[in-house]
Structures are given as structure tokens and as C-alpha cells.
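J.: What follows is a single structure, and I will ask about it in a moment.
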Amino acid sequence: MLKLGKKRTEKLGITYFGLLGHEVAVIKSTMESSPELAAYYELREPNQAAMCEIVVVNQDSQLATSWWKHLWKRNPSAIPMFVTNAKQPPGDSAYCKRPFSPSFVQAAFQDLVSKNGLPTARL
């Protein structure tokens, strides 16, 4: 018997550690308003971080950075995107300075995706 239909592809996960409620809302609205981003990625809860490829981390929170370090030991392929109030230091990780808007978040995701070779359809 043949099974016909669309092949389901699993979306890559994005989660967050230590963000404020309105920051999570900005990320959600950015993903909903960008079909290119929504085609490949989905926002997941922090308790699903082990299955996520991108983790948005509040660098100004010691608890969030310690969660990130613990997760990174278990999932070294996860890629961080740091959110901070401080000046953006140079490095391999993408940074997003607070307060951020959907356009800043989308630009930070685009930078992160292009640097790490993750799938995208012209973010």
C-alpha cells in the first residue's frame, strides 16, 4: 500500500532563557509576521530547550546564562543569540541590544542563521 501526501518536515526550534514577557511577545510576533522565518522555525518553551537549535539568552541574568551553560554541555550543537543591555562585544554569537523591536530581532536571527549555515528562505 502506498502512502500519498505531503512529507512532513520537522521545524527547527527556537527557545529562550530569562527573557521578559514583552520580549517573548516580540519574538512571537516577529515569527508570525515573517513567513520565511515561520517556514523553518517554531518558538518552543524553555523546558523543550534540549530539542532546540537556537537559544535566545538574557546575558544580563546570571540564572539564564547558567541555564545556557548547562544546556550547552548537553547539546553542544545549540546556537546562542544573546540579548543584553550592554554594548555588543565582538564574537561569533549574534547579539540583540535591548530594547528591541521586531525588525531588530529579525535582523539578529538573519545574522545568526547566515553565520551558522542554518536553513532560511531569504529572512
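Quick note on naming: the chains in the C-alpha cells go A, B, ... in the order shown, residues restart at 1 in each chain, and ligands are numbered from 1 in order of appearance.
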Name the residues of chain A that come out as alpha helix (DSSP H) in a backbone DSSP run; write them as number ranges by chain.

T.: A: 21-33, 35-40, 62-74, 102-116

J.: Export N, CA and C atoms of the chosen residues as a CSV table (one decimal), in the first residue's frame?

T.:
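Contents of the output file selection-v1.csv:
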```csv
chain,number,residue,atom,x,y,z
A,21,GLY,N,8.4,39.0,29.6
A,21,GLY,CA,7.2,38.6,28.8
A,21,GLY,C,7.0,39.4,27.5
A,22,HIS,N,7.3,40.7,27.5
A,22,HIS,CA,7.1,41.5,26.3
A,22,HIS,C,8.2,41.2,25.3
A,23,GLU,N,9.3,40.7,25.7
A,23,GLU,CA,10.4,40.3,24.8
A,23,GLU,C,10.0,39.0,24.1
A,24,VAL,N,9.4,38.1,24.8
A,24,VAL,CA,8.9,36.8,24.2
A,24,VAL,C,7.8,37.2,23.2
A,25,ALA,N,7.0,38.1,23.6
A,25,ALA,CA,5.9,38.5,22.7
A,25,ALA,C,6.4,39.1,21.4
A,26,VAL,N,7.5,39.9,21.5
A,26,VAL,CA,8.1,40.5,20.3
A,26,VAL,C,8.7,39.4,19.4
A,27,ILE,N,9.3,38.4,20.0
A,27,ILE,CA,9.9,37.2,19.2
A,27,ILE,C,8.7,36.5,18.5
A,28,LYS,N,7.6,36.2,19.3
A,28,LYS,CA,6.5,35.5,18.7
A,28,LYS,C,5.9,36.3,17.5
A,29,SER,N,5.7,37.6,17.7
A,29,SER,CA,5.1,38.4,16.6
A,29,SER,C,6.0,38.5,15.4
A,30,THR,N,7.3,38.5,15.7
A,30,THR,CA,8.3,38.5,14.6
A,30,THR,C,8.2,37.3,13.8
A,31,MET,N,8.1,36.1,14.5
A,31,MET,CA,7.9,34.9,13.8
A,31,MET,C,6.6,34.7,13.0
A,32,GLU,N,5.5,35.2,13.6
A,32,GLU,CA,4.2,35.2,13.0
A,32,GLU,C,4.1,36.1,11.7
A,33,SER,N,4.8,37.2,11.8
A,33,SER,CA,4.7,38.2,10.7
A,33,SER,C,5.7,37.9,9.6
A,35,PRO,N,6.8,35.1,7.1
A,35,PRO,CA,6.6,33.7,6.6
A,35,PRO,C,7.9,33.0,6.4
A,36,GLU,N,8.9,33.7,6.0
A,36,GLU,CA,10.2,33.0,5.7
A,36,GLU,C,10.8,32.4,7.0
A,37,LEU,N,10.6,33.1,8.1
A,37,LEU,CA,11.1,32.6,9.4
A,37,LEU,C,10.2,31.5,9.9
A,38,ALA,N,8.9,31.7,9.8
A,38,ALA,CA,7.9,30.7,10.3
A,38,ALA,C,8.0,29.4,9.5
A,39,ALA,N,8.5,29.4,8.2
A,39,ALA,CA,8.5,28.2,7.4
A,39,ALA,C,9.5,27.2,7.9
A,40,TYR,N,10.6,27.7,8.6
A,40,TYR,CA,11.6,26.8,9.0
A,40,TYR,C,11.7,26.7,10.6
A,62,GLN,N,22.2,36.1,35.5
A,62,GLN,CA,23.1,35.0,35.9
A,62,GLN,C,22.4,33.7,35.8
A,63,LEU,N,21.2,33.6,36.1
A,63,LEU,CA,20.4,32.4,36.1
A,63,LEU,C,20.3,31.9,34.6
A,64,ALA,N,19.9,32.8,33.7
A,64,ALA,CA,19.7,32.5,32.3
A,64,ALA,C,21.1,32.0,31.7
A,65,THR,N,22.2,32.7,32.0
A,65,THR,CA,23.4,32.2,31.5
A,65,THR,C,23.9,30.9,32.0
A,66,SER,N,23.6,30.6,33.3
A,66,SER,CA,23.9,29.3,33.9
A,66,SER,C,23.1,28.2,33.2
A,67,TRP,N,21.8,28.5,32.9
A,67,TRP,CA,21.0,27.5,32.2
A,67,TRP,C,21.5,27.3,30.9
A,68,TRP,N,22.0,28.3,30.2
A,68,TRP,CA,22.6,28.2,28.8
A,68,TRP,C,23.8,27.3,28.9
A,69,LYS,N,24.7,27.6,29.9
A,69,LYS,CA,25.9,26.8,30.0
A,69,LYS,C,25.6,25.3,30.3
A,70,HIS,N,24.6,25.0,31.1
A,70,HIS,CA,24.2,23.7,31.4
A,70,HIS,C,23.6,23.0,30.1
A,71,LEU,N,22.8,23.7,29.4
A,71,LEU,CA,22.2,23.2,28.2
A,71,LEU,C,23.3,22.9,27.1
A,72,TRP,N,24.3,23.8,27.0
A,72,TRP,CA,25.3,23.7,26.0
A,72,TRP,C,26.2,22.5,26.3
A,73,LYS,N,26.4,22.1,27.5
A,73,LYS,CA,27.1,20.8,27.8
A,73,LYS,C,26.4,19.6,27.3
A,74,ARG,N,25.0,19.6,27.4
A,74,ARG,CA,24.2,18.5,26.9
A,74,ARG,C,23.9,18.6,25.4
A,102,PRO,N,10.7,44.2,16.5
A,102,PRO,CA,10.6,43.0,15.6
A,102,PRO,C,11.7,43.1,14.5
A,103,SER,N,11.9,44.3,13.9
A,103,SER,CA,12.9,44.4,12.9
A,103,SER,C,14.3,44.1,13.4
A,104,PHE,N,14.6,44.5,14.6
A,104,PHE,CA,15.9,44.2,15.2
A,104,PHE,C,16.1,42.7,15.4
A,105,VAL,N,15.0,42.1,15.9
A,105,VAL,CA,15.0,40.6,16.2
A,105,VAL,C,15.2,39.8,14.9
A,106,GLN,N,14.5,40.3,13.8
A,106,GLN,CA,14.6,39.6,12.6
A,106,GLN,C,16.0,39.7,12.0
A,107,ALA,N,16.6,40.9,12.1
A,107,ALA,CA,18.0,41.1,11.7
A,107,ALA,C,18.9,40.3,12.4
A,108,ALA,N,18.7,40.1,13.8
A,108,ALA,CA,19.6,39.3,14.6
A,108,ALA,C,19.5,37.8,14.2
A,109,PHE,N,18.3,37.4,14.0
A,109,PHE,CA,18.1,36.0,13.5
A,109,PHE,C,18.7,35.8,12.1
A,110,GLN,N,18.6,36.7,11.2
A,110,GLN,CA,19.2,36.6,9.9
A,110,GLN,C,20.7,36.5,10.0
A,111,ASP,N,21.3,37.3,10.9
A,111,ASP,CA,22.7,37.3,11.1
A,111,ASP,C,23.2,35.9,11.7
A,112,LEU,N,22.4,35.5,12.6
A,112,LEU,CA,22.7,34.2,13.3
A,112,LEU,C,22.6,33.0,12.3
A,113,VAL,N,21.6,33.0,11.5
A,113,VAL,CA,21.3,32.0,10.5
A,113,VAL,C,22.4,32.0,9.5
A,114,SER,N,22.8,33.2,9.0
A,114,SER,CA,23.8,33.2,7.9
A,114,SER,C,25.2,32.8,8.4
A,115,LYS,N,25.5,33.2,9.7
A,115,LYS,CA,26.8,32.8,10.2
A,115,LYS,C,26.9,31.3,10.5
A,116,ASN,N,25.8,30.7,10.8
A,116,ASN,CA,25.9,29.2,11.2
A,116,ASN,C,25.3,28.3,10.2
```

J.: Name all residues at most 7 Å from A:Ile14 (count only C-alpha atoms; drop same-chain ones fewer than 5 positions away) and give them as a ChimeraX atom specification.

T.: /A:41-44,52-55

J.: Skipping near chain neighbours, those fewer than 3 positions away, what residues fall within 6 Å of A:Pro46 using only C-alpha atoms, listed as a JSON list (two decimals) with N, CA and C atoms, in the first residue's frame?

T.:
```json
[["chain", "number", "residue", "atom", "x", "y", "z"],
["A", 15, "THR", "N", 14.17, 28.63, 21.36],
["A", 15, "THR", "CA", 13.67, 28.81, 22.72],
["A", 15, "THR", "C", 14.38, 29.98, 23.37],
["A", 16, "TYR", "N", 14.09, 30.23, 24.62],
["A", 16, "TYR", "CA", 14.62, 31.42, 25.29],
["A", 16, "TYR", "C", 14.85, 31.12, 26.77],
["A", 49, "ALA", "N", 14.14, 22.97, 25.59],
["A", 49, "ALA", "CA", 15.40, 23.50, 25.08],
["A", 49, "ALA", "C", 16.32, 22.43, 24.52]]
```

J.: Determine the nearest neighbour of A:Met81 from the options A:Gly117, A:Asn58, A:Leu20, A:Pro99, counting only C-alpha atoms.

T.: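 Counting only C-alpha atoms, the residue closest to A:Met81 is A:Asn58.
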
J.: Which residues in stretch 5-113 of chain A does DSSP call strand (DSSP E)? List them as a ChimeraX atom specification.

T.: /A:12-17,41-43,54-58,79-84,94-97

J.: Store the residues picked out above in a file with C-alpha atoms, as a CSV table (one decimal), in the first residue's frame.

T.:
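Printed below is out_11.csv as written:
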```csv
chain,number,residue,atom,x,y,z
A,12,LEU,CA,13.8,23.8,13.9
A,13,GLY,CA,13.3,25.0,17.4
A,14,ILE,CA,14.0,28.4,19.0
A,15,THR,CA,13.7,28.8,22.7
A,16,TYR,CA,14.6,31.4,25.3
A,17,PHE,CA,16.1,31.7,28.8
A,41,TYR,CA,11.4,27.7,12.8
A,42,GLU,CA,9.0,27.5,15.6
A,43,LEU,CA,9.2,29.0,19.1
A,54,ILE,CA,18.7,28.3,18.6
A,55,VAL,CA,18.5,29.6,22.2
A,56,VAL,CA,17.9,33.3,22.9
A,57,VAL,CA,19.7,34.0,26.2
A,58,ASN,CA,19.4,37.1,28.5
A,79,ILE,CA,23.5,28.1,18.9
A,80,PRO,CA,23.0,31.1,21.3
A,81,MET,CA,21.7,34.5,20.5
A,82,PHE,CA,22.4,36.8,23.4
A,83,VAL,CA,20.1,39.7,24.5
A,84,THR,CA,21.8,42.4,26.5
A,94,ALA,CA,24.7,37.1,17.5
A,95,TYR,CA,23.7,39.8,19.9
A,96,CYS,CA,20.5,41.9,20.1
A,97,LYS,CA,20.6,45.0,22.2
```
